[in-house]
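Trainee: Coordinates in structure_12.cif, mmCIF, C-alpha atoms and all ligand atoms, are listed below.
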```
data_final
#
loop_
_atom_site.group_PDB
_atom_site.id
_atom_site.type_symbol
_atom_site.label_atom_id
_atom_site.label_comp_id
_atom_site.auth_asym_id
_atom_site.auth_seq_id
_atom_site.Cartn_x
_atom_site.Cartn_y
_atom_site.Cartn_z
ATOM 1 C CA MET A 1 78.079 84.486 78.160
ATOM 2 C CA ASN A 2 76.486 86.176 81.168
ATOM 3 C CA LYS A 3 76.123 89.814 79.995
ATOM 4 C CA ASN A 4 75.067 91.150 83.389
ATOM 5 C CA ALA A 5 78.189 89.710 85.035
ATOM 6 C CA LEU A 6 80.345 91.118 82.226
ATOM 7 C CA VAL A 7 78.934 94.637 82.768
ATOM 8 C CA ARG A 8 79.482 94.350 86.542
ATOM 9 C CA LEU A 9 83.041 93.090 86.133
ATOM 10 C CA THR A 10 83.852 95.855 83.647
ATOM 11 C CA VAL A 11 82.513 98.544 86.003
ATOM 12 C CA ASP A 12 84.402 96.949 88.943
ATOM 13 C CA PHE A 13 87.613 96.864 86.909
ATOM 14 C CA PHE A 14 87.395 100.523 85.860
ATOM 15 C CA MET A 15 86.482 101.689 89.369
ATOM 16 C CA SER A 16 89.541 99.885 90.776
ATOM 17 C CA ALA A 17 91.869 101.123 88.031
ATOM 18 C CA LEU A 18 90.616 104.696 88.465
ATOM 19 C CA MET A 19 91.033 104.519 92.242
ATOM 20 C CA ILE A 20 94.710 103.640 91.731
ATOM 21 C CA LEU A 21 95.169 106.496 89.242
ATOM 22 C CA LEU A 22 93.402 108.944 91.553
ATOM 23 C CA MET A 23 95.547 107.992 94.534
ATOM 24 C CA ALA A 24 98.668 108.421 92.394
ATOM 25 C CA TYR A 25 97.791 112.130 91.998
ATOM 26 C CA GLN A 26 101.359 112.988 90.908
ATOM 27 C CA VAL A 27 100.989 110.693 87.857
ATOM 28 C CA ALA A 28 97.674 112.088 86.566
ATOM 29 C CA GLY A 29 98.120 115.791 87.358
ATOM 30 C CA GLU A 30 95.406 118.192 88.520
ATOM 31 C CA THR A 31 93.068 118.473 85.508
ATOM 32 C CA ALA A 32 93.112 114.741 84.678
ATOM 33 C CA HIS A 33 92.597 113.991 88.392
ATOM 34 C CA GLU A 34 89.438 116.084 88.495
ATOM 35 C CA VAL A 35 88.052 114.613 85.260
ATOM 36 C CA LEU A 36 88.818 111.026 86.362
ATOM 37 C CA GLY A 37 87.484 111.756 89.870
ATOM 38 C CA THR A 38 84.191 112.891 88.330
ATOM 39 C CA ALA A 39 84.150 109.797 86.064
ATOM 40 C CA VAL A 40 84.651 107.432 89.018
ATOM 41 C CA GLY A 41 81.790 109.222 90.802
ATOM 42 C CA VAL A 42 79.526 108.353 87.845
ATOM 43 C CA LEU A 43 80.768 104.723 87.965
ATOM 44 C CA PHE A 44 79.957 104.548 91.699
ATOM 45 C CA ILE A 45 76.367 105.544 90.892
ATOM 46 C CA VAL A 46 76.177 102.953 88.057
ATOM 47 C CA HIS A 47 77.643 100.301 90.416
ATOM 48 C CA ALA A 48 75.149 101.139 93.175
ATOM 49 C CA PHE A 49 72.323 100.974 90.583
ATOM 50 C CA LEU A 50 73.523 97.537 89.374
ATOM 51 C CA ASN A 51 73.477 96.388 93.010
ATOM 52 C CA ARG A 52 70.158 98.079 93.856
ATOM 53 C CA ARG A 53 68.747 94.772 95.145
ATOM 54 C CA TRP A 54 71.136 95.022 98.106
ATOM 55 C CA PHE A 55 69.393 98.219 99.212
ATOM 56 C CA SER A 56 65.880 96.774 98.819
ATOM 57 C CA SER A 57 66.707 93.506 100.622
ATOM 58 C CA PHE A 58 68.717 95.069 103.455
ATOM 59 C CA TYR A 59 66.470 93.668 106.222
ATOM 60 C CA LYS A 60 65.592 90.416 104.445
ATOM 61 C CA GLY A 61 67.214 87.005 104.956
ATOM 62 C CA ARG A 62 69.594 85.663 107.579
ATOM 63 C CA PHE A 63 72.331 87.827 109.118
ATOM 64 C CA THR A 64 75.616 85.936 109.260
ATOM 65 C CA LEU A 65 78.957 87.358 110.449
ATOM 66 C CA LEU A 66 80.119 87.678 106.823
ATOM 67 C CA ARG A 67 76.946 89.518 105.828
ATOM 68 C CA ALA A 68 77.300 91.857 108.815
ATOM 69 C CA LEU A 69 80.896 92.628 107.752
ATOM 70 C CA GLN A 70 79.874 93.149 104.118
ATOM 71 C CA ASN A 71 77.012 95.460 105.066
ATOM 72 C CA THR A 72 79.110 97.486 107.522
ATOM 73 C CA PHE A 73 81.774 98.101 104.893
ATOM 74 C CA ILE A 74 79.242 99.008 102.197
ATOM 75 C CA ILE A 75 77.779 101.671 104.518
ATOM 76 C CA LEU A 76 81.285 102.963 105.386
ATOM 77 C CA VAL A 77 82.258 103.006 101.684
ATOM 78 C CA LEU A 78 79.066 104.876 100.824
ATOM 79 C CA LEU A 79 79.587 107.531 103.538
ATOM 80 C CA ASP A 80 83.281 107.976 102.757
ATOM 81 C CA THR A 81 82.579 108.247 99.016
ATOM 82 C CA LEU A 82 80.155 111.090 99.717
ATOM 83 C CA VAL A 83 82.866 112.951 101.675
ATOM 84 C CA VAL A 84 85.511 112.423 98.946
ATOM 85 C CA MET A 85 83.144 113.608 96.208
ATOM 86 C CA ILE A 86 81.713 116.621 98.029
ATOM 87 C CA THR A 87 85.158 117.831 99.183
ATOM 88 C CA GLY A 88 86.583 117.135 95.688
ATOM 89 C CA VAL A 89 83.920 119.383 94.145
ATOM 90 C CA MET A 90 84.598 122.057 96.788
ATOM 91 C CA ILE A 91 88.353 122.226 96.101
ATOM 92 C CA SER A 92 88.043 121.749 92.338
ATOM 93 C CA GLY A 93 90.087 124.280 90.369
ATOM 94 C CA THR A 94 88.935 123.215 86.875
ATOM 95 C CA VAL A 95 85.896 120.944 86.393
ATOM 96 C CA PHE A 96 83.716 122.534 89.114
ATOM 97 C CA ALA A 97 85.543 125.891 89.286
ATOM 98 C CA PHE A 98 82.391 127.564 87.879
ATOM 99 C CA LEU A 99 80.647 126.873 91.229
ATOM 100 C CA ASN A 100 83.083 129.373 92.749
ATOM 101 C CA ILE A 101 83.008 127.787 96.203
ATOM 102 C CA THR A 102 85.117 129.766 98.669
ATOM 103 C CA TRP A 103 83.614 128.703 102.023
ATOM 104 C CA GLY A 104 85.349 125.891 103.976
ATOM 105 C CA VAL A 105 87.911 125.151 101.267
ATOM 106 C CA GLY A 106 90.779 124.726 103.779
ATOM 107 C CA ILE A 107 88.904 122.081 105.782
ATOM 108 C CA ALA A 108 87.633 120.475 102.571
ATOM 109 C CA ARG A 109 91.222 120.034 101.310
ATOM 110 C CA ALA A 110 92.334 118.300 104.544
ATOM 111 C CA LEU A 111 89.186 116.148 104.543
ATOM 112 C CA HIS A 112 89.630 115.264 100.855
ATOM 113 C CA LEU A 113 93.131 113.971 101.501
ATOM 114 C CA CYS A 114 92.181 111.936 104.577
ATOM 115 C CA SER A 115 88.908 110.530 103.152
ATOM 116 C CA SER A 116 90.532 109.528 99.846
ATOM 117 C CA TYR A 117 93.093 107.394 101.705
ATOM 118 C CA TRP A 118 90.219 105.860 103.668
ATOM 119 C CA ALA A 119 88.373 105.282 100.389
ATOM 120 C CA LEU A 120 91.252 103.198 99.074
ATOM 121 C CA VAL A 121 91.349 101.066 102.236
ATOM 122 C CA LEU A 122 87.565 100.691 102.639
ATOM 123 C CA MET A 123 86.936 99.905 98.968
ATOM 124 C CA SER A 124 89.709 97.304 98.936
ATOM 125 C CA VAL A 125 88.203 95.652 102.020
ATOM 126 C CA HIS A 126 84.780 95.850 100.320
ATOM 127 C CA VAL A 127 86.163 94.039 97.246
ATOM 128 C CA GLY A 128 87.916 91.410 99.404
ATOM 129 C CA LEU A 129 84.688 90.658 101.290
ATOM 130 C CA HIS A 130 82.917 90.103 97.947
ATOM 131 C CA TRP A 131 85.742 88.108 96.380
ATOM 132 C CA SER A 132 83.628 84.962 95.936
ATOM 133 C CA MET A 133 81.155 87.070 93.891
ATOM 134 C CA VAL A 134 84.051 88.310 91.732
ATOM 135 C CA THR A 135 85.380 84.793 91.046
ATOM 136 C CA GLY A 136 81.821 83.508 90.462
ATOM 137 C CA MET A 137 81.179 86.260 87.891
ATOM 138 C CA ALA A 138 84.583 85.718 86.249
ATOM 139 C CA ARG A 139 83.777 81.998 85.899
ATOM 140 C CA SER A 140 80.396 82.647 84.298
ATOM 141 C CA VAL A 141 81.803 85.293 81.901
ATOM 142 C CA PHE A 142 84.904 83.401 80.786
ATOM 143 C CA GLY A 143 83.402 79.905 81.143
ATOM 144 C CA LEU A 144 86.170 78.829 83.534
ATOM 145 C CA ARG A 145 86.031 75.544 85.426
ATOM 146 C CA ALA A 146 87.179 75.113 89.036
ATOM 147 C CA PRO A 147 90.996 75.285 88.809
ATOM 148 C CA HIS A 148 93.371 72.483 89.815
ATOM 149 C CA PRO A 149 94.346 72.713 93.541
ATOM 150 C CA ALA A 150 98.032 73.189 92.578
ATOM 151 C CA ARG A 151 97.066 76.258 90.512
ATOM 152 C CA VAL A 152 94.874 77.608 93.314
ATOM 153 C CA TRP A 153 97.785 77.373 95.767
ATOM 154 C CA THR A 154 100.234 78.954 93.326
ATOM 155 C CA LEU A 155 97.845 81.896 92.865
ATOM 156 C CA ARG A 156 97.334 82.157 96.632
ATOM 157 C CA LEU A 157 101.080 82.284 97.249
ATOM 158 C CA LEU A 158 101.505 84.925 94.539
ATOM 159 C CA ALA A 159 98.702 86.994 96.084
ATOM 160 C CA LEU A 160 100.360 86.653 99.493
ATOM 161 C CA ALA A 161 103.730 87.794 98.121
ATOM 162 C CA TRP A 162 102.053 90.755 96.382
ATOM 163 C CA ALA A 163 100.235 91.632 99.615
ATOM 164 C CA GLY A 164 103.617 91.488 101.409
ATOM 165 C CA TYR A 165 104.962 94.080 98.986
ATOM 166 C CA GLY A 166 101.718 96.019 99.615
ATOM 167 C CA ALA A 167 102.574 96.129 103.335
ATOM 168 C CA TRP A 168 105.920 97.694 102.462
ATOM 169 C CA ALA A 169 104.206 100.148 100.057
ATOM 170 C CA PHE A 170 101.655 101.026 102.777
ATOM 171 C CA ASP A 171 104.539 102.182 104.939
ATOM 172 C CA HIS A 172 106.528 103.784 102.104
ATOM 173 C CA LEU A 173 103.545 105.830 100.807
ATOM 174 C CA GLN A 174 102.869 106.921 104.392
ATOM 175 C CA VAL A 175 99.262 105.782 104.226
ATOM 176 C CA TRP A 176 98.846 105.540 108.029
ATOM 177 C CA PRO A 177 99.737 109.215 108.772
ATOM 178 C CA PHE A 178 97.230 110.295 106.089
ATOM 179 C CA LEU A 179 94.490 108.026 107.475
ATOM 180 C CA THR A 180 94.984 109.469 110.954
ATOM 181 C CA LEU A 181 95.147 113.102 109.793
ATOM 182 C CA GLN A 182 98.755 113.398 110.997
ATOM 183 C CA MET A 183 99.830 114.313 107.480
ATOM 184 C CA GLN A 184 98.028 117.080 105.622
ATOM 185 C CA PHE A 185 100.447 117.847 102.815
ATOM 186 C CA ALA A 186 100.843 115.939 99.589
ATOM 187 C CA PHE A 187 103.249 113.008 99.555
ATOM 188 C CA PHE A 188 105.552 112.807 96.554
ATOM 189 C CA ASP A 189 107.051 109.425 95.619
ATOM 190 C CA ASP A 190 110.217 109.944 93.553
ATOM 191 C CA ALA A 191 109.874 106.593 91.721
ATOM 192 C CA GLY A 192 108.805 106.431 88.028
ATOM 193 C CA ASP A 193 105.089 106.669 87.111
ATOM 194 C CA ALA A 194 104.630 102.918 86.495
ATOM 195 C CA MET A 195 106.231 102.072 89.849
ATOM 196 C CA VAL A 196 104.070 104.606 91.709
ATOM 197 C CA LEU A 197 100.937 103.038 90.170
ATOM 198 C CA PHE A 198 102.189 99.540 91.017
ATOM 199 C CA ARG A 199 102.782 100.571 94.638
ATOM 200 C CA TRP A 200 99.235 101.928 95.001
ATOM 201 C CA ALA A 201 97.844 98.773 93.371
ATOM 202 C CA SER A 202 99.857 96.738 95.888
ATOM 203 C CA VAL A 203 98.317 98.595 98.832
ATOM 204 C CA MET A 204 94.926 97.722 97.341
ATOM 205 C CA VAL A 205 95.947 94.038 97.010
ATOM 206 C CA LEU A 206 97.078 93.997 100.660
ATOM 207 C CA PHE A 207 93.587 94.940 101.886
ATOM 208 C CA VAL A 208 91.738 92.796 99.327
ATOM 209 C CA VAL A 209 93.728 89.705 100.401
ATOM 210 C CA ALA A 210 93.360 90.462 104.146
ATOM 211 C CA ALA A 211 89.586 91.008 103.804
ATOM 212 C CA CYS A 212 89.113 87.977 101.563
ATOM 213 C CA TRP A 213 90.696 85.696 104.196
ATOM 214 C CA THR A 214 88.799 87.383 107.024
ATOM 215 C CA GLY A 215 85.567 86.711 105.100
ATOM 216 C CA ARG A 216 86.573 83.083 104.578
ATOM 217 C CA ALA A 217 87.415 82.683 108.275
ATOM 218 C CA ALA A 218 83.968 84.084 109.145
ATOM 219 C CA GLN A 219 82.325 81.541 106.814
ATOM 220 C CA ALA A 220 84.399 78.673 108.233
ATOM 221 C CA LEU A 221 83.389 79.698 111.766
ATOM 222 C CA LEU A 222 79.732 79.644 110.774
ATOM 223 C CA ARG A 223 80.080 76.181 109.201
ATOM 224 C CA ARG A 224 81.777 74.877 112.352
ATOM 225 C CA GLN A 225 78.997 76.265 114.544
ATOM 226 C CA GLN A 226 76.340 74.743 112.273
ATOM 227 C CA GLY A 227 78.159 71.406 112.299
ATOM 228 C CA ARG A 228 77.838 71.184 116.085
HETATM 229 C C1 LIG B 301 86.495 100.976 93.770
HETATM 230 C C2 LIG B 301 85.217 100.949 94.084
HETATM 231 C C3 LIG B 301 84.399 99.683 94.236
HETATM 232 C C4 LIG B 301 84.651 98.417 93.816
HETATM 233 C C5 LIG B 301 85.877 97.900 93.057
HETATM 234 C C6 LIG B 301 83.511 97.607 94.206
HETATM 235 C C7 LIG B 301 83.396 96.244 93.977
HETATM 236 C C8 LIG B 301 82.301 95.472 94.269
HETATM 237 C C9 LIG B 301 82.153 94.084 93.921
HETATM 238 C C10 LIG B 301 83.214 93.259 93.220
HETATM 239 C C11 LIG B 301 80.925 93.674 94.330
HETATM 240 C C12 LIG B 301 80.287 92.311 94.068
HETATM 241 C C13 LIG B 301 79.148 92.445 93.030
HETATM 242 C C14 LIG B 301 79.495 93.258 91.830
HETATM 243 O O1 LIG B 301 80.581 93.134 91.282
HETATM 244 O O2 LIG B 301 78.653 94.090 91.415
HETATM 245 C C15 LIG B 301 80.291 94.805 94.966
HETATM 246 C C16 LIG B 301 79.042 94.799 95.517
HETATM 247 C C17 LIG B 301 78.416 95.909 96.045
HETATM 248 N N1 LIG B 301 78.933 97.188 96.134
HETATM 249 FE FE1 LIG B 301 80.755 97.767 95.529
HETATM 250 N N2 LIG B 301 82.580 98.387 94.840
HETATM 251 C C18 LIG B 301 83.085 99.672 94.872
HETATM 252 C C19 LIG B 301 82.465 100.773 95.407
HETATM 253 C C20 LIG B 301 81.205 100.780 95.929
HETATM 254 C C21 LIG B 301 80.527 101.957 96.411
HETATM 255 C C22 LIG B 301 81.096 103.385 96.389
HETATM 256 C C23 LIG B 301 79.327 101.567 96.859
HETATM 257 C C24 LIG B 301 78.314 102.492 97.467
HETATM 258 C C25 LIG B 301 77.074 102.477 97.237
HETATM 259 C C26 LIG B 301 79.212 100.125 96.664
HETATM 260 C C27 LIG B 301 78.113 99.342 96.944
HETATM 261 C C28 LIG B 301 77.988 97.996 96.696
HETATM 262 C C29 LIG B 301 76.791 97.206 96.964
HETATM 263 C C30 LIG B 301 75.482 97.724 97.579
HETATM 264 C C31 LIG B 301 77.067 95.888 96.578
HETATM 265 C C32 LIG B 301 76.131 94.668 96.665
HETATM 266 C C33 LIG B 301 76.519 93.804 97.826
HETATM 267 C C34 LIG B 301 75.742 92.522 97.965
HETATM 268 O O3 LIG B 301 74.836 92.259 97.179
HETATM 269 O O4 LIG B 301 76.108 91.767 98.888
HETATM 270 N N3 LIG B 301 80.391 99.690 96.102
HETATM 271 N N4 LIG B 301 81.146 95.899 94.914
HETATM 272 C C1 LIG B 302 87.277 108.626 94.615
HETATM 273 C C2 LIG B 302 87.619 109.807 94.106
HETATM 274 C C3 LIG B 302 88.859 110.582 94.469
HETATM 275 C C4 LIG B 302 90.028 110.169 95.057
HETATM 276 C C5 LIG B 302 90.393 108.765 95.533
HETATM 277 C C6 LIG B 302 90.881 111.347 95.172
HETATM 278 C C7 LIG B 302 92.154 111.342 95.745
HETATM 279 C C8 LIG B 302 92.959 112.451 95.918
HETATM 280 C C9 LIG B 302 94.251 112.463 96.547
HETATM 281 C C10 LIG B 302 94.957 111.228 97.128
HETATM 282 C C11 LIG B 302 94.719 113.735 96.508
HETATM 283 C C12 LIG B 302 96.023 114.234 97.103
HETATM 284 C C13 LIG B 302 97.041 114.328 96.042
HETATM 285 C C14 LIG B 302 98.351 114.813 96.516
HETATM 286 O O1 LIG B 302 98.495 116.037 96.568
HETATM 287 O O2 LIG B 302 99.188 113.968 96.805
HETATM 288 C C15 LIG B 302 93.724 114.551 95.850
HETATM 289 C C16 LIG B 302 93.835 115.894 95.617
HETATM 290 C C17 LIG B 302 92.931 116.639 94.908
HETATM 291 N N1 LIG B 302 91.707 116.202 94.413
HETATM 292 FE FE1 LIG B 302 90.988 114.329 94.549
HETATM 293 N N2 LIG B 302 90.233 112.433 94.639
HETATM 294 C C18 LIG B 302 89.000 112.009 94.192
HETATM 295 C C19 LIG B 302 88.030 112.781 93.591
HETATM 296 C C20 LIG B 302 88.183 114.099 93.258
HETATM 297 C C21 LIG B 302 87.206 114.903 92.567
HETATM 298 C C22 LIG B 302 85.824 114.396 92.092
HETATM 299 C C23 LIG B 302 87.728 116.144 92.436
HETATM 300 C C24 LIG B 302 87.120 117.358 91.791
HETATM 301 C C25 LIG B 302 86.427 117.336 90.697
HETATM 302 C C26 LIG B 302 89.047 116.147 93.059
HETATM 303 C C27 LIG B 302 89.883 117.236 93.150
HETATM 304 C C28 LIG B 302 91.102 117.256 93.766
HETATM 305 C C29 LIG B 302 91.979 118.435 93.857
HETATM 306 C C30 LIG B 302 91.679 119.825 93.290
HETATM 307 C C31 LIG B 302 93.114 118.044 94.575
HETATM 308 C C32 LIG B 302 94.336 118.908 94.927
HETATM 309 C C33 LIG B 302 94.247 119.348 96.363
HETATM 310 C C34 LIG B 302 95.390 120.261 96.762
HETATM 311 O O3 LIG B 302 95.456 121.346 96.229
HETATM 312 O O4 LIG B 302 96.196 119.832 97.567
HETATM 313 N N3 LIG B 302 89.280 114.883 93.554
HETATM 314 N N4 LIG B 302 92.641 113.747 95.513
#
```
Would you mind writing the structure in this file as structure tokens?

Mentor:
Amino acid sequence: MNKNALVRLTVDFFMSALMILLMAYQVAGETAHEVLGTAVGVLFIVHAFLNRRWFSSFYKGRFTLLRALQNTFIILVLLDTLVVMITGVMISGTVFAFLNITWGVGIARALHLCSSYWALVLMSVHVGLHWSMVTGMARSVFGLRAPHPARVWTLRLLALAWAGYGAWAFDHLQVWPFLTLQMQFAFFDDAGDAMVLFRWASVMVLFVVAACWTGRAAQALLRRQQGR
């Protein structure tokens, strides 16, 4: 078993699961949100450390359209993460309350809301653009062989249906008004906890699927150009 891939997959899984829990603020509650928010911050650092070669080889190798997309989204994810974390610490009422920050708290709250919604979108796109790495690692950890085409298409159709529900959830959870700073007050979904979590996971799936296919289209374009 490939231990390195297992560690990466485990970190990826917990980061994704925590992102869903953090977005569903009403499910976790304030104290748990702050503790889990701090924990995901630590996981981001571990994840960046595990991928440190990306930083050192930034200018090396060939720049394809897919690589340009991947790099752009990593930089956006990195910048947005910094905003979410810094504003989270500033508005913290429990974990970082001892810092007693009073300056700029109003702006920090509005920025925290907006940047956390962007974090969900950007990180999902980031995962979708690296989907072939995820499946490659999953194969090496679980010793899976290339699946039968019928199974691949069944999974693709299921992912598409889930992404379709994600498009509905995107609208229902009012993600767009939060992304564009039109909404600055908390949104409360009156569904049960499990449903709220499922809806946030579906928004994530929507962007993972869209980015995964955009990445594949970029690769196909490159192959076509090379074939000429
Ligand atoms: C929910 C949060 C995130 C998830 C689920 C996620 C997922 C992934 C996945 C699946 C990969 C492929 C390799 C691997 O699994 O290690 C990857 C690569 C990478 N991620 Fe993330 N990531 C997240 C957040 C971040 C953040 C905050 C950064 C900021 C530094 C980041 C930087 C990178 C880098 C530099 C790579 C290497 C890319 C490459 O070699 O092409 N990720 N990420
Ligand atoms: C990636 C990490 C994080 C994400 C995605 C995130 C997401 C969110 C979201 C979506 C809300 C709005 C909840 C609502 O009222 O509907 C929120 C509020 C809040 N977050 Fe975070 N958060 C993160 C990290 C943190 C951290 C590290 C802290 C502090 C330790 C923190 C502290 C807070 C506080 C105090 C509120 C309540 C703001 C208010 O009074 O309206 N968050 N967060």

Trainee: Show me which residues are within 7 Å of ligand LIG 302 (chain B) counting only C-alpha atoms and all ligand atoms, and format the list as an mmCIF file with C-alpha atoms, keeping the file's coordinate frame.

Mentor:
```cif
data_model
loop_
_atom_site.group_PDB
_atom_site.id
_atom_site.type_symbol
_atom_site.label_atom_id
_atom_site.label_comp_id
_atom_site.auth_asym_id
_atom_site.auth_seq_id
_atom_site.Cartn_x
_atom_site.Cartn_y
_atom_site.Cartn_z
ATOM 1 C CA MET A 19 91.033 104.519 92.242
ATOM 2 C CA LEU A 22 93.402 108.944 91.553
ATOM 3 C CA MET A 23 95.547 107.992 94.534
ATOM 4 C CA ALA A 24 98.668 108.421 92.394
ATOM 5 C CA TYR A 25 97.791 112.130 91.998
ATOM 6 C CA GLN A 26 101.359 112.988 90.908
ATOM 7 C CA GLU A 30 95.406 118.192 88.520
ATOM 8 C CA HIS A 33 92.597 113.991 88.392
ATOM 9 C CA GLU A 34 89.438 116.084 88.495
ATOM 10 C CA VAL A 35 88.052 114.613 85.260
ATOM 11 C CA GLY A 37 87.484 111.756 89.870
ATOM 12 C CA THR A 38 84.191 112.891 88.330
ATOM 13 C CA VAL A 40 84.651 107.432 89.018
ATOM 14 C CA GLY A 41 81.790 109.222 90.802
ATOM 15 C CA THR A 81 82.579 108.247 99.016
ATOM 16 C CA VAL A 84 85.511 112.423 98.946
ATOM 17 C CA MET A 85 83.144 113.608 96.208
ATOM 18 C CA GLY A 88 86.583 117.135 95.688
ATOM 19 C CA VAL A 89 83.920 119.383 94.145
ATOM 20 C CA ILE A 91 88.353 122.226 96.101
ATOM 21 C CA SER A 92 88.043 121.749 92.338
ATOM 22 C CA GLY A 93 90.087 124.280 90.369
ATOM 23 C CA VAL A 95 85.896 120.944 86.393
ATOM 24 C CA PHE A 96 83.716 122.534 89.114
ATOM 25 C CA ARG A 109 91.222 120.034 101.310
ATOM 26 C CA HIS A 112 89.630 115.264 100.855
ATOM 27 C CA LEU A 113 93.131 113.971 101.501
ATOM 28 C CA SER A 116 90.532 109.528 99.846
ATOM 29 C CA TYR A 117 93.093 107.394 101.705
ATOM 30 C CA ALA A 119 88.373 105.282 100.389
ATOM 31 C CA LEU A 120 91.252 103.198 99.074
ATOM 32 C CA PHE A 185 100.447 117.847 102.815
ATOM 33 C CA ALA A 186 100.843 115.939 99.589
ATOM 34 C CA PHE A 187 103.249 113.008 99.555
ATOM 35 C CA PHE A 188 105.552 112.807 96.554
#
```

Trainee: To verify the selection step, state as a VMD selection string which residues the PyMOL selection byres (((chain A and resi 168-178) around 7) and not hetatm) yields on this input.

Mentor: chain A and resid 114 117 164 to 167 179 to 184 199 202 to 203

Trainee: Between A:Ile101, A:Met123, A:Leu43, A:Leu66, single out the one closest to ligand LIG 301 (chain B), counting all atoms listed in the file.

Mentor: A:Met123

Trainee: Assuming 4 Å of padding per side, give the centre and edge lengths of the axis-aligned box around every listed atom of ligand LIG 301 (chain B), in Å to one decimal and as AutoDock Vina command-line options.

Mentor:
```
--center_x 80.7 --center_y 97.6 --center_z 95.1 --size_x 19.7 --size_y 19.6 --size_z 15.6
```

Trainee: When you count all atoms listed in the file, which of these residues is closest to ligand LIG 301 (chain B): A:Val42, A:Met133, A:Ala97, A:Ala201?

Mentor: A:Met133

Trainee: Determine the residue membership of the PyMOL selection byres (((not hetatm)) within 6 of (chain B and resi 301)) for the file above and supply it as a list in words.

Mentor: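 Evaluating the PyMOL selection byres (((not hetatm)) within 6 of (chain B and resi 301)) on this file yields Arg8, Leu9, Asp12, Met15, Ser16, Met19, Phe44, Ala48, Asn51, Trp54, Ile74, Val77, Leu78, Thr81, Met123, Val127, His130, Met133 and Val134 of chain A.
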
Trainee: Do you know which residues the PyMOL selection byres (((chain A and resi 212) around 10) and not hetatm) returns on this file, as a list in words?

Mentor: Ser124, Val125, His126, Val127, Gly128, Leu129, His130, Trp131, Ser132, Phe207, Val208, Val209, Ala210, Ala211, Trp213, Thr214, Gly215, Arg216, Ala217 and Ala218 of chain A

Trainee: Excluding segment 137-151 of chain A and its own-chain neighbours fewer than 4 positions away, which residues fall within 8 Å of it when counting only C-alpha atoms? Please give them as a PDB file with C-alpha atoms, in the frame of the given file.

Mentor:
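Okay, part-v8.pdb is ready:
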```
ATOM      1  CA  MET A   1      78.079  84.486  78.160  1.00  0.00           C
ATOM      2  CA  ASN A   2      76.486  86.176  81.168  1.00  0.00           C
ATOM      3  CA  LYS A   3      76.123  89.814  79.995  1.00  0.00           C
ATOM      4  CA  ALA A   5      78.189  89.710  85.035  1.00  0.00           C
ATOM      5  CA  LEU A   6      80.345  91.118  82.226  1.00  0.00           C
ATOM      6  CA  LEU A   9      83.041  93.090  86.133  1.00  0.00           C
ATOM      7  CA  MET A 133      81.155  87.070  93.891  1.00  0.00           C
ATOM      8  CA  LEU A 155      97.845  81.896  92.865  1.00  0.00           C
TER       9      LEU A 155
END
```

Trainee: Using all atoms listed in the file, find the one residue out of A:Ile107, A:Val27, A:Val83, A:Leu158 that sits nearest to Asp189 of chain A.

Mentor: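 Comparing A:Ile107, A:Val27, A:Val83, A:Leu158 against Asp189 of chain A, the winner is A:Val27.
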
Trainee: Find the distance between atom CA of Leu222 of chain A and atom CA of Leu76 of chain A and write it in Å to one decimal.

Mentor: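 These two atoms are separated by 24.0 Å.
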
Trainee: Between A:Arg223, A:Leu21, A:Leu157, A:Leu79, single out the one closest to Phe198 of chain A, counting all atoms listed in the file.

Mentor: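 Checking each of A:Arg223, A:Leu21, A:Leu157, A:Leu79 against Phe198 of chain A, counting all atoms listed in the file, the winner is A:Leu21.
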
Trainee: For atom CA of Ala28 of chain A and atom CA of Ala108 of chain A, quote the distance in Å rounded to one decimal.

Mentor: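 For atom CA of Ala28 of chain A relative to atom CA of Ala108 of chain A, the distance reads 20.7 Å.
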
Trainee: So how far away is atom CA of Ser115 of chain A from atom CA of Leu82 of chain A, in Å?

Mentor: 9.4 Å

Trainee: So, with only C-alpha atoms as the atoms that count, which of A:Ala194, A:Met90, A:Ala159, A:Ala32 lies closest to Trp103 of chain A?

Mentor: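 Checking each candidate against Trp103 of chain A, we get A:Met90 as the closest.
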
Trainee: Closest to Trp118 of chain A among A:Met204, A:Ala17, A:Thr64, A:Gly29, using all atoms listed in the file?

Mentor: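 Ranked by minimum distance to Trp118 of chain A, first place goes to A:Met204.
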